[in-house]
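The structure file model.pdb is reproduced below (PDB, C-alpha atoms).
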```
MODEL        1
ATOM      1  CA  MET M 880       0.000   0.000   0.000
ATOM      2  CA  ARG M 881       2.916   2.310   0.645
ATOM      3  CA  ASP M 882       4.247   1.656  -2.870
ATOM      4  CA  ILE M 883       0.823   2.465  -4.336
ATOM      5  CA  SER M 884       0.757   5.762  -2.429
ATOM      6  CA  GLU M 885       4.242   6.677  -3.670
ATOM      7  CA  ASP M 886       3.387   5.752  -7.263
ATOM      8  CA  THR M 887       0.184   7.781  -7.108
ATOM      9  CA  GLN M 888       2.005  10.916  -6.036
ATOM     10  CA  TYR M 889       4.963  10.410  -8.392
ATOM     11  CA  TYR M 890       2.944   9.587 -11.544
ATOM     12  CA  ARG M 891      -0.212  11.494 -10.510
ATOM     13  CA  GLU M 892      -2.176   8.318 -11.186
ATOM     14  CA  ASP M 893      -5.331   9.568  -9.519
ATOM     15  CA  HIS M 894      -5.874  11.661 -12.683
ATOM     16  CA  LEU M 895      -5.345   8.732 -15.101
ATOM     17  CA  TYR M 896      -7.781   6.186 -16.467
ATOM     18  CA  GLU M 897      -7.599   2.965 -14.523
ATOM     19  CA  PHE M 898      -6.242   0.868 -17.416
ATOM     20  CA  SER M 899      -3.249   3.205 -17.813
ATOM     21  CA  ARG M 900      -2.164   3.135 -14.168
ATOM     22  CA  LYS M 901       0.984   1.298 -13.117
ATOM     23  CA  ASN M 902      -0.928  -0.756 -10.546
ATOM     24  CA  ALA M 903      -4.064  -1.330 -12.661
ATOM     25  CA  ARG M 904      -3.851  -5.074 -11.953
ATOM     26  CA  LEU M 905      -4.717  -4.403  -8.283
ATOM     27  CA  ARG M 906      -8.197  -3.805  -6.863
ATOM     28  CA  LEU M 907      -7.070  -0.472  -5.372
ATOM     29  CA  SER M 908      -4.847   0.858  -8.115
ATOM     30  CA  CYS M 909      -4.126   4.303  -6.649
ATOM     31  CA  SER M 910      -4.122   6.157  -3.365
ATOM     32  CA  PRO M 911      -7.016   8.671  -2.979
ATOM     33  CA  GLN M 912      -5.813  12.279  -3.072
ATOM     34  CA  PRO M 913      -7.608  15.381  -1.754
ATOM     35  CA  PRO M 914      -9.748  16.902  -4.510
ATOM     36  CA  THR M 915      -8.478  20.076  -6.126
ATOM     37  CA  GLU M 916     -10.462  23.020  -7.427
ATOM     38  CA  ASN M 917     -10.662  21.460 -10.906
ATOM     39  CA  ASP M 918     -11.842  18.030  -9.669
ATOM     40  CA  ASP M 919     -15.437  16.862  -9.887
ATOM     41  CA  GLU M 920     -14.916  14.619  -6.869
ATOM     42  CA  THR M 921     -16.656  15.737  -3.670
ATOM     43  CA  ASP M 922     -15.134  15.674  -0.201
ATOM     44  CA  LEU M 923     -17.524  12.892   0.818
ATOM     45  CA  GLU M 924     -16.486  10.709  -2.140
ATOM     46  CA  TYR M 925     -12.823  11.326  -1.326
ATOM     47  CA  GLU M 926     -13.277  10.405   2.356
ATOM     48  CA  THR M 927     -15.146   7.224   1.411
ATOM     49  CA  LEU M 928     -12.361   6.091  -0.917
ATOM     50  CA  LEU M 929      -9.694   7.068   1.607
ATOM     51  CA  ASP M 930     -11.437   5.083   4.347
ATOM     52  CA  GLU M 931     -11.498   1.966   2.128
ATOM     53  CA  PHE M 932      -7.834   2.432   1.222
ATOM     54  CA  GLN M 933      -6.786   2.803   4.871
ATOM     55  CA  ARG M 934      -8.814  -0.247   5.952
ATOM     56  CA  ARG M 935      -7.131  -2.281   3.218
ATOM     57  CA  SER M 936      -3.690  -1.232   4.496
ATOM     58  CA  LYS M 937      -4.527  -2.765   7.897
ATOM     59  CA  TYR M 938      -5.167  -6.270   6.511
ATOM     60  CA  ILE M 939      -2.880  -9.030   7.744
ATOM     61  CA  GLU M 940      -0.320  -9.532   4.999
ATOM     62  CA  GLY M 941      -0.712 -12.843   3.196
ATOM     63  CA  LEU M 942      -3.995 -13.898   4.827
ATOM     64  CA  HIS M 943      -6.078 -13.170   1.732
ATOM     65  CA  THR M 944      -3.568 -14.537  -0.811
ATOM     66  CA  ASN M 945      -1.986 -17.508   0.963
ATOM     67  CA  SER M 946      -2.599 -20.639  -1.115
ATOM     68  CA  ASN M 947      -3.113 -22.843   1.968
ATOM     69  CA  TYR M 948      -5.804 -20.524   3.314
ATOM     70  CA  THR M 949      -7.533 -20.252  -0.075
ATOM     71  CA  ALA M 950      -7.624 -24.029  -0.617
ATOM     72  CA  LEU M 951      -8.897 -24.579   2.920
ATOM     73  CA  VAL M 952     -11.758 -22.103   2.477
ATOM     74  CA  HIS M 953     -12.760 -23.565  -0.895
ATOM     75  CA  LEU M 954     -12.936 -27.100   0.478
ATOM     76  CA  TRP M 955     -14.869 -25.947   3.533
ATOM     77  CA  MET M 956     -17.439 -24.214   1.316
ATOM     78  CA  ILE M 957     -17.751 -27.309  -0.900
ATOM     79  CA  LYS M 958     -18.240 -29.451   2.191
ATOM     80  CA  GLN M 959     -21.015 -27.188   3.498
ATOM     81  CA  THR M 960     -22.715 -27.009   0.097
ATOM     82  CA  LEU M 961     -22.763 -30.683  -0.887
ATOM     83  CA  GLN M 962     -23.369 -32.263   2.538
ATOM     84  CA  SER M 963     -22.165 -35.630   1.200
ATOM     85  CA  GLN M 964     -21.725 -38.675   3.414
ATOM     86  CA  LYS M 965     -18.707 -40.075   1.547
ATOM     87  CA  TRP M 966     -15.925 -38.276  -0.310
ATOM     88  CA  ARG M 967     -13.220 -39.405  -2.743
ATOM     89  CA  PHE M 968     -10.462 -36.929  -3.663
ATOM     90  CA  VAL M 969      -7.901 -37.342  -6.443
ATOM     91  CA  SER M 970      -4.900 -35.021  -6.791
ATOM     92  CA  ASP M 971      -1.203 -35.005  -7.427
ATOM     93  CA  GLU M 972       1.211 -34.800  -4.499
ATOM     94  CA  ASP M 973       0.512 -31.127  -3.847
ATOM     95  CA  GLU M 974       1.085 -30.274  -0.181
ATOM     96  CA  THR M 975      -1.354 -27.350  -0.264
ATOM     97  CA  ILE M 976      -4.261 -29.501  -1.452
ATOM     98  CA  MET M 977      -3.358 -32.396   0.814
ATOM     99  CA  LYS M 978      -3.150 -30.214   3.946
ATOM    100  CA  ALA M 979      -6.466 -28.560   3.084
ATOM    101  CA  ILE M 980      -8.173 -31.957   2.727
ATOM    102  CA  TYR M 981      -6.730 -33.274   5.998
ATOM    103  CA  ARG M 982      -7.746 -30.167   7.985
ATOM    104  CA  THR M 983     -11.222 -29.800   6.481
ATOM    105  CA  PHE M 984     -12.185 -33.471   6.700
ATOM    106  CA  ILE M 985     -10.245 -34.623   9.769
ATOM    107  CA  GLU M 986     -13.288 -36.240  11.408
ATOM    108  CA  GLU M 987     -14.465 -37.902   8.199
ATOM    109  CA  ILE M 988     -10.972 -39.248   7.479
ATOM    110  CA  THR M 989     -10.808 -40.746  10.985
ATOM    111  CA  SER M 990     -14.184 -42.443  10.517
ATOM    112  CA  GLY M 991     -13.238 -43.757   7.065
ATOM    113  CA  ASP M 992     -15.774 -41.676   5.112
ATOM    114  CA  VAL M 993     -13.127 -39.696   3.218
ATOM    115  CA  HIS M 994     -10.269 -41.095   1.140
ATOM    116  CA  HIS M 995      -7.588 -39.224  -0.754
ATOM    117  CA  PHE M 996      -5.898 -40.780  -3.782
ATOM    118  CA  LEU M 997      -2.760 -39.677  -5.592
ATOM    119  CA  CYS M 998      -2.341 -39.718  -9.360
ATOM    120  CA  LYS M 999       1.294 -39.284 -10.380
ATOM    121  CA  VAL M1000       1.644 -38.562 -14.102
ATOM    122  CA  ASP M1001       4.700 -37.627 -16.162
ATOM    123  CA  ARG M1002       3.623 -34.339 -17.790
ATOM    124  CA  GLU M1003       6.678 -34.197 -20.025
ATOM    125  CA  LYS M1004       5.788 -37.398 -21.872
ATOM    126  CA  GLU M1005       4.907 -37.005 -25.553
ATOM    127  CA  LEU M1006       1.784 -38.603 -27.047
ATOM    128  CA  PRO M1007       3.621 -41.180 -29.230
ATOM    129  CA  GLU M1008       5.560 -42.384 -26.197
ATOM    130  CA  ALA M1009       2.383 -42.557 -24.088
ATOM    131  CA  TYR M1010       0.600 -44.590 -26.779
ATOM    132  CA  LYS M1011       3.535 -46.972 -27.035
ATOM    133  CA  GLU M1012       3.478 -47.526 -23.256
ATOM    134  CA  HIS M1013      -0.286 -48.141 -23.432
ATOM    135  CA  ILE M1014       0.200 -50.927 -25.994
ATOM    136  CA  THR M1015       3.135 -52.403 -24.035
ATOM    137  CA  ALA M1016       1.190 -52.373 -20.737
ATOM    138  CA  ALA M1017      -1.805 -54.129 -22.310
ATOM    139  CA  SER M1018       0.472 -56.806 -23.789
ATOM    140  CA  LYS M1019       2.273 -57.366 -20.483
ATOM    141  CA  LEU M1020      -1.038 -57.561 -18.616
ATOM    142  CA  LYS M1021      -2.332 -60.184 -21.050
ATOM    143  CA  ASP M1022       0.889 -62.229 -20.670
ATOM    144  CA  TRP M1023       0.569 -62.011 -16.879
ATOM    145  CA  GLY M1024      -3.013 -63.264 -17.057
ATOM    146  CA  GLU M1025      -1.998 -66.233 -19.186
ATOM    147  CA  SER M1026       0.791 -67.122 -16.758
ATOM    148  CA  GLN M1027      -1.740 -67.081 -13.901
ATOM    149  CA  GLY M1028      -4.254 -69.214 -15.801
ATOM    150  CA  PHE M1029      -6.703 -66.385 -16.589
ATOM    151  CA  ASP M1030      -6.776 -66.798 -20.368
ATOM    152  CA  GLU M1031     -10.423 -65.858 -20.939
ATOM    153  CA  LEU M1032     -10.691 -62.784 -18.692
ATOM    154  CA  SER M1033     -10.964 -59.251 -20.075
ATOM    155  CA  LEU M1034      -8.141 -56.745 -19.676
ATOM    156  CA  LYS M1035     -10.231 -54.772 -17.172
ATOM    157  CA  LYS M1036     -10.740 -57.823 -14.965
ATOM    158  CA  LEU M1037      -7.062 -58.765 -15.306
ATOM    159  CA  ALA M1038      -6.087 -55.239 -14.230
ATOM    160  CA  SER M1039      -8.215 -55.591 -11.088
ATOM    161  CA  LEU M1040      -6.642 -58.957 -10.236
ATOM    162  CA  LYS M1041      -3.155 -57.549 -10.874
ATOM    163  CA  VAL M1042      -3.746 -54.658  -8.444
ATOM    164  CA  VAL M1043      -5.042 -57.100  -5.802
ATOM    165  CA  TYR M1044      -1.858 -59.123  -6.276
ATOM    166  CA  GLU M1045       0.241 -55.938  -5.905
ATOM    167  CA  LEU M1046      -1.608 -54.894  -2.746
ATOM    168  CA  GLN M1047      -0.917 -58.228  -1.079
ATOM    169  CA  GLY M1048       2.823 -57.849  -1.619
ATOM    170  CA  GLN M1049       3.001 -54.061  -1.346
ATOM    171  CA  PRO M1050       0.476 -52.623   1.148
ATOM    172  CA  LEU M1051      -0.318 -48.938   0.947
ATOM    173  CA  PHE M1052       0.040 -48.653   4.742
ATOM    174  CA  LYS M1053       2.568 -49.941   7.228
ATOM    175  CA  VAL M1054       2.238 -50.580  10.946
ATOM    176  CA  VAL M1055       4.513 -48.514  13.202
ATOM    177  CA  SER M1056       5.064 -48.867  16.952
ATOM    178  CA  ASP M1057       6.341 -46.247  19.387
ATOM    179  CA  GLY M1058       6.801 -48.744  22.234
ATOM    180  CA  THR M1059       3.417 -48.197  23.834
ATOM    181  CA  GLN M1060       1.003 -48.517  20.935
ATOM    182  CA  THR M1061       0.877 -49.411  17.264
ATOM    183  CA  TYR M1062      -0.733 -47.400  14.497
ATOM    184  CA  LYS M1063      -0.911 -47.318  10.701
ATOM    185  CA  VAL M1064       0.923 -44.745   8.593
ATOM    186  CA  TRP M1065       1.063 -44.032   4.885
ATOM    187  CA  ALA M1066       3.730 -46.285   3.362
ATOM    188  CA  LYS M1067       4.364 -44.002   0.340
ATOM    189  CA  SER M1068       4.616 -47.027  -1.947
ATOM    190  CA  PRO M1069       2.598 -46.155  -5.073
ATOM    191  CA  ILE M1070       1.377 -48.867  -7.426
ATOM    192  CA  GLU M1071       1.850 -48.630 -11.173
ATOM    193  CA  HIS M1072      -1.479 -48.595 -12.993
ATOM    194  CA  PRO M1073      -1.618 -51.886 -14.935
ATOM    195  CA  LEU M1074      -3.766 -50.521 -17.775
ATOM    196  CA  PRO M1075      -2.810 -46.882 -18.515
ATOM    197  CA  PRO M1076      -4.744 -44.877 -21.147
ATOM    198  CA  SER M1077      -3.268 -44.198 -24.569
ATOM    199  CA  ASP M1078      -2.767 -40.461 -23.952
ATOM    200  CA  LYS M1079      -1.094 -40.803 -20.569
ATOM    201  CA  GLY M1080       1.174 -43.836 -20.606
ATOM    202  CA  TYR M1081       2.573 -45.323 -17.420
ATOM    203  CA  PHE M1082       1.501 -43.571 -14.216
ATOM    204  CA  SER M1083       1.243 -44.562 -10.559
ATOM    205  CA  VAL M1084      -1.590 -44.409  -8.040
ATOM    206  CA  ASP M1085      -1.604 -44.312  -4.257
ATOM    207  CA  CYS M1086      -3.872 -43.622  -1.281
ATOM    208  CA  THR M1087      -2.833 -41.411   1.638
ATOM    209  CA  THR M1088      -5.750 -42.267   3.942
ATOM    210  CA  ASP M1089      -6.316 -45.491   5.888
ATOM    211  CA  ILE M1090      -8.163 -48.053   3.722
ATOM    212  CA  SER M1091      -7.007 -51.111   5.649
ATOM    213  CA  SER M1092     -10.596 -51.864   6.722
ATOM    214  CA  LEU M1093     -11.679 -52.333   3.084
ATOM    215  CA  SER M1094     -11.257 -55.519   1.067
ATOM    216  CA  ASP M1095      -8.458 -55.748  -1.505
ATOM    217  CA  ASP M1096     -11.009 -56.163  -4.310
ATOM    218  CA  TYR M1097     -12.804 -52.945  -3.323
ATOM    219  CA  VAL M1098      -9.524 -51.025  -2.980
ATOM    220  CA  ALA M1099      -8.328 -52.315  -6.349
ATOM    221  CA  ASN M1100     -11.537 -51.124  -7.984
ATOM    222  CA  MET M1101     -11.066 -47.626  -6.524
ATOM    223  CA  LEU M1102      -7.401 -47.451  -7.532
ATOM    224  CA  LEU M1103      -8.218 -48.399 -11.126
ATOM    225  CA  LYS M1104     -10.667 -45.467 -11.291
ATOM    226  CA  VAL M1105      -8.082 -42.931 -10.110
ATOM    227  CA  SER M1106      -7.537 -40.392 -12.891
ATOM    228  CA  ASP M1107      -6.662 -36.741 -13.340
ATOM    229  CA  ARG M1108      -8.743 -36.497 -16.505
ATOM    230  CA  PRO M1109     -11.570 -34.300 -15.043
ATOM    231  CA  THR M1110      -9.044 -31.752 -13.775
ATOM    232  CA  SER M1111      -7.088 -31.845 -17.028
ATOM    233  CA  ASN M1112     -10.283 -31.347 -19.043
ATOM    234  CA  PHE M1113     -11.208 -28.245 -17.047
ATOM    235  CA  MET M1114      -7.700 -26.783 -17.339
ATOM    236  CA  GLN M1115      -7.775 -27.484 -21.063
ATOM    237  CA  SER M1116     -11.123 -25.683 -21.294
ATOM    238  CA  ILE M1117      -9.528 -22.635 -19.681
ATOM    239  CA  ARG M1118      -6.691 -22.663 -22.209
ATOM    240  CA  ARG M1119      -8.912 -23.223 -25.225
ATOM    241  CA  ARG M1120     -11.934 -21.077 -24.333
ATOM    242  CA  LEU M1121     -10.105 -18.085 -22.813
ATOM    243  CA  SER M1122      -7.561 -16.751 -25.285
ATOM    244  CA  ILE M1123      -6.078 -14.351 -22.716
ATOM    245  CA  LEU M1124      -5.153 -17.319 -20.534
ATOM    246  CA  GLU M1125      -4.148 -19.716 -23.292
ATOM    247  CA  ARG M1126      -0.731 -21.053 -22.350
ATOM    248  CA  PRO M1127       0.566 -23.266 -25.155
ATOM    249  CA  LEU M1128      -1.161 -22.713 -28.487
ATOM    250  CA  VAL M1129      -0.477 -26.242 -29.756
ATOM    251  CA  THR M1130      -0.977 -28.725 -26.918
ATOM    252  CA  ALA M1131      -1.325 -28.771 -23.153
ATOM    253  CA  ARG M1132       1.873 -30.823 -22.967
ATOM    254  CA  GLY M1133       4.024 -27.785 -23.699
ATOM    255  CA  GLY M1134       4.818 -28.109 -27.383
ATOM    256  CA  GLY M1135       4.938 -24.869 -29.364
ATOM    257  CA  LYS M1136       4.379 -22.524 -26.445
ATOM    258  CA  SER M1137       3.439 -18.940 -27.135
ATOM    259  CA  TYR M1138       2.386 -16.147 -24.805
ATOM    260  CA  ILE M1139       1.083 -13.690 -27.402
ATOM    261  CA  TYR M1140      -2.362 -13.675 -25.726
ATOM    262  CA  ALA M1141      -1.017 -13.401 -22.170
ATOM    263  CA  ASN M1142      -3.128 -11.117 -20.000
ATOM    264  CA  PHE M1143      -1.326  -8.356 -18.115
ATOM    265  CA  ASN M1144      -4.060  -7.777 -15.556
ATOM    266  CA  PRO M1145      -4.872 -10.694 -13.197
ATOM    267  CA  LYS M1146      -8.089  -8.940 -12.122
ATOM    268  CA  TYR M1147      -9.691  -9.460 -15.520
ATOM    269  CA  ALA M1148      -8.238 -12.964 -15.749
ATOM    270  CA  GLN M1149     -10.000 -13.833 -12.490
ATOM    271  CA  MET M1150     -13.273 -12.424 -13.841
ATOM    272  CA  ALA M1151     -12.952 -14.504 -17.021
ATOM    273  CA  VAL M1152     -12.251 -17.703 -15.068
ATOM    274  CA  THR M1153     -15.264 -17.033 -12.817
ATOM    275  CA  ILE M1154     -17.539 -16.704 -15.849
ATOM    276  CA  LEU M1155     -16.137 -19.856 -17.433
ATOM    277  CA  ARG M1156     -16.435 -21.807 -14.165
ATOM    278  CA  ASN M1157     -20.134 -20.991 -13.891
ATOM    279  CA  TYR M1158     -20.738 -21.897 -17.536
ATOM    280  CA  TYR M1159     -18.722 -25.125 -17.205
ATOM    281  CA  ASN M1160     -20.499 -26.291 -14.037
ATOM    282  CA  PHE M1161     -24.085 -25.211 -14.752
ATOM    283  CA  CYS M1162     -24.487 -24.888 -18.547
ATOM    284  CA  LEU M1163     -22.094 -27.250 -20.296
ATOM    285  CA  GLY M1164     -23.565 -30.751 -20.369
ATOM    286  CA  THR M1165     -21.498 -33.889 -20.944
ATOM    287  CA  LYS M1166     -22.632 -37.377 -21.837
ATOM    288  CA  THR M1167     -23.019 -39.817 -18.953
ATOM    289  CA  LYS M1168     -23.247 -43.604 -18.900
ATOM    290  CA  GLY M1169     -26.979 -43.307 -19.533
ATOM    291  CA  LYS M1170     -26.186 -41.273 -22.686
ATOM    292  CA  GLU M1171     -27.970 -38.290 -21.157
ATOM    293  CA  LYS M1172     -26.178 -34.942 -21.132
ATOM    294  CA  LEU M1173     -25.788 -33.651 -17.580
ATOM    295  CA  THR M1174     -23.837 -30.731 -16.147
ATOM    296  CA  PRO M1175     -21.362 -31.172 -13.264
ATOM    297  CA  ALA M1176     -23.860 -29.376 -10.983
ATOM    298  CA  GLN M1177     -26.540 -31.931 -11.912
ATOM    299  CA  LEU M1178     -24.180 -34.847 -11.309
ATOM    300  CA  LEU M1179     -23.428 -33.484  -7.832
ATOM    301  CA  GLY M1180     -27.109 -32.959  -7.052
ATOM    302  CA  LEU M1181     -26.860 -29.167  -6.736
ATOM    303  CA  THR M1182     -29.612 -28.627  -9.318
ATOM    304  CA  ASP M1183     -32.040 -30.643 -11.413
ATOM    305  CA  LYS M1184     -31.833 -28.591 -14.633
ATOM    306  CA  GLN M1185     -29.303 -27.560 -17.239
ATOM    307  CA  PHE M1186     -29.038 -23.774 -17.186
ATOM    308  CA  THR M1187     -28.599 -21.510 -20.191
ATOM    309  CA  ILE M1188     -26.457 -18.411 -20.520
ATOM    310  CA  ASN M1189     -29.577 -16.255 -20.067
ATOM    311  CA  ASP M1190     -30.418 -18.105 -16.841
ATOM    312  CA  ILE M1191     -27.009 -17.185 -15.439
ATOM    313  CA  LEU M1192     -27.043 -13.577 -16.648
ATOM    314  CA  TYR M1193     -30.548 -12.821 -15.436
ATOM    315  CA  PHE M1194     -30.522 -15.063 -12.315
ATOM    316  CA  LYS M1195     -33.453 -17.223 -13.489
TER     317      LYS M1195
ENDMDL
END
```
Can you dump the structure from the file as C-alpha cells?
Amino acid sequence: MRDISEDTQYYREDHLYEFSRKNARLRLSCSPQPPTENDDETDLEYETLLDEFQRRSKYIEGLHTNSNYTALVHLWMIKQTLQSQKWRFVSDEDETIMKAIYRTFIEEITSGDVHHFLCKVDREKELPEAYKEHITAASKLKDWGESQGFDELSLKKLASLKVVYELQGQPLFKVVSDGTQTYKVWAKSPIEHPLPPSDKGYFSVDCTTDISSLSDDYVANMLLKVSDRPTSNFMQSIRRRLSILERPLVTARGGGKSYIYANFNPKYAQMAVTILRNYYNFCLGTKTKGKEKLTPAQLLGLTDKQFTINDILYFK
C-alpha cells in the first residue's frame, strides 16, 4: 500500500484512467488524493475512498492470498454445500491440497468416510511415447493373465486382479510402533497402474488415507478409477476457451508454447475464469453412462436442470 501511495504521487495516477495506471492489476490501483479546485470529486467521495484504502492497508499480509488458506476455504465451502456422506479426492502430491483436505475433513478421514488418492503422471511425456506404453502395458497384462491361468478374462478384470496381487505384496500402509502402541501410517509405496490410457502412458496411483478396513477387491476397484482427466479437461477448457489465458497454443503438454495472448491484468483474468467456471459447471452438459447430457452441478445434485447463458445472466 505504501508503494501504491508513492506511485500515485509520483505519476499522478489519480488523474489517469484505470487501465493506464501502473498498478491497474490491483483492486485499489491508486491512493485517494484530496480533490483540487478542478476536480469533480466531492469531499464525501474522497473520504469514502480514503477510508477503504486505509482499511485495506490494515489487513494481515498474506492472509487473503496464501494458497493454503484459499484451498482450505474452498474445500470448507464445498463441504457445506454438498453435505455428502462419503468423499473421494484425487490429486497429485501437492502439499497445499493435501493439507487442506486433511484439515477440512479430519473427522471424516478418521471415521473412514473420506479417502484421498494420488495420481502421479509424467507431464513431459509425448503422445507417441504414451501410446507406445499403453500398448506395451496391455500386452504385459495379457501375458501375466496367461501365466496365472486367466486366459479368458478381459483386460479390465485382469487389471483388477493384478492390483489385488500388488496390494498383497506391497500394502499402501505400514504398521509402526512407538513402544506403547501401534498405528498405521502411509507407506508411500505407489502402485503402477496396470492398464494406462493411450494419452497418458505409465503412471502410478496411491492412497494417503487409511483403507485397511476395506477388502483388496474394493480397494483395487477404486485405484483403477483414479484419474486426473476431469481436472485436465477443465484446465484445457480454460486454455482453449479463454484466449487471454491460453498457455501453449499447440498442446497442453508444452509443445509450441506462445504467450502472445497473455493477460497483463490478473483482475480481468480472475473475472474470465469465474464466468467460465459458472458456464462449465451449470451450462455445459457432458454425456453420462446413460447417454444423457448432464452438467457437473446436476451430477453433484446441486440442481435438477441444465441452465442456459440467459439463466445465469438474469438469475433465473
**OP:** Identify all residues satisfying the PyMOL selection byres ((chain M and resi 955) around 12) in the given file; provide them as a ChimeraX atom specification.
**Re:** /M:948-954,956-962,979-985
request  = Between M:Asn1112, M:Thr915, M:Ser1039, M:Ser1068, single out the one closest to Tyr1097 of chain M, counting all atoms listed in the file.
outcome  =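 Comparing M:Asn1112, M:Thr915, M:Ser1039, M:Ser1068 against Tyr1097 of chain M, the winner is M:Ser1039.
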Contacts of segment 965-969 of chain M at 10 Å or less, counting all atoms listed in the file, minus same-chain residues fewer than 3 places along, as a list of chain:residue names?
->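 The neighbour list is M:Lys958, M:Gln962, M:Glu972, M:Ile976, M:Met977, M:Ile980, M:Phe984, M:Glu987, M:Ile988, M:Gly991, M:Asp992, M:Val993, M:His994, M:His995, M:Phe996, M:Leu997, M:Cys998, M:Val1084, M:Asp1085, M:Cys1086, M:Met1101, M:Lys1104, M:Val1105, M:Ser1106, M:Asp1107, M:Pro1109, M:Thr1110.
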request  = Report the distance between atom CA of Phe1029 of chain M and atom CA of Asp1096 of chain M in Å, rounded to one decimal place.
outcome  =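 Rounded to one decimal, the two atoms are 16.5 Å apart.
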Using all atoms listed in the file, can you tell me which of M:Leu1074, M:Gln1049, M:Leu895, M:Phe1161 comes closest to Asp1183 of chain M?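 Counting all atoms listed in the file, the residue closest to Asp1183 of chain M is M:Phe1161.
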What's around Gly1080 of chain M at 7 Å? Count only C-alpha atoms, leave out sequence neighbours fewer than 5 positions away in its own chain, and write the answer as number ranges by chain. M: 1009-1010, 1012-1013, 1075
Find the spatial neighbours of Leu1032 of chain M, counting all atoms listed in the file, within a cut-off of 12 Å - ignore same-chain residues fewer than 5 positions away - and output them as a count of residues only.
11
- Task: Evaluate the PyMOL selection byres ((chain M and resi 1113) around 12) here and jot the selected residues down as JSON, numbers by chain.
- Result: {"M": [1107, 1108, 1109, 1110, 1111, 1112, 1114, 1115, 1116, 1117, 1118, 1119, 1120, 1121, 1131, 1152, 1155, 1156, 1157, 1158, 1159, 1160, 1163, 1175]}
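In this structure, atom CA of Ser1077 of chain M sits 7.7 Å away from atom CA of Ile1014 of chain M.
Neighbours of Tyr1062 of chain M closer than or equal to 10 Å, with all atoms listed in the file counted and sequence neighbours fewer than 6 positions away skipped, come out as Phe1052, Lys1053, Val1054, Val1055 and Ser1056 of chain M.
A straight line drawn from atom CA of Lys1172 of chain M to atom CA of Leu1034 of chain M is 28.3 Å long.
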Which residues, named as in the file, does the PyMOL selection byres ((chain M and resi 901) around 9) pick out? Answer as a PDB file with C-alpha atoms, in the frame of the given file.
```pdb
ATOM      1  CA  ILE M 883       0.823   2.465  -4.336  1.00  0.00           C
ATOM      2  CA  ASP M 886       3.387   5.752  -7.263  1.00  0.00           C
ATOM      3  CA  THR M 887       0.184   7.781  -7.108  1.00  0.00           C
ATOM      4  CA  TYR M 890       2.944   9.587 -11.544  1.00  0.00           C
ATOM      5  CA  GLU M 892      -2.176   8.318 -11.186  1.00  0.00           C
ATOM      6  CA  GLU M 897      -7.599   2.965 -14.523  1.00  0.00           C
ATOM      7  CA  PHE M 898      -6.242   0.868 -17.416  1.00  0.00           C
ATOM      8  CA  SER M 899      -3.249   3.205 -17.813  1.00  0.00           C
ATOM      9  CA  ARG M 900      -2.164   3.135 -14.168  1.00  0.00           C
ATOM     10  CA  ASN M 902      -0.928  -0.756 -10.546  1.00  0.00           C
ATOM     11  CA  ALA M 903      -4.064  -1.330 -12.661  1.00  0.00           C
ATOM     12  CA  ARG M 904      -3.851  -5.074 -11.953  1.00  0.00           C
ATOM     13  CA  SER M 908      -4.847   0.858  -8.115  1.00  0.00           C
ATOM     14  CA  CYS M 909      -4.126   4.303  -6.649  1.00  0.00           C
TER      15      CYS M 909
END
```
Contacts of Glu1071 of chain M at 8 Å (only C-alpha atoms; same-chain gap of 4+ positions) as a list in words: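 Within the cut-off, the hits are Tyr1081, Phe1082, Ser1083 and Val1084 of chain M.
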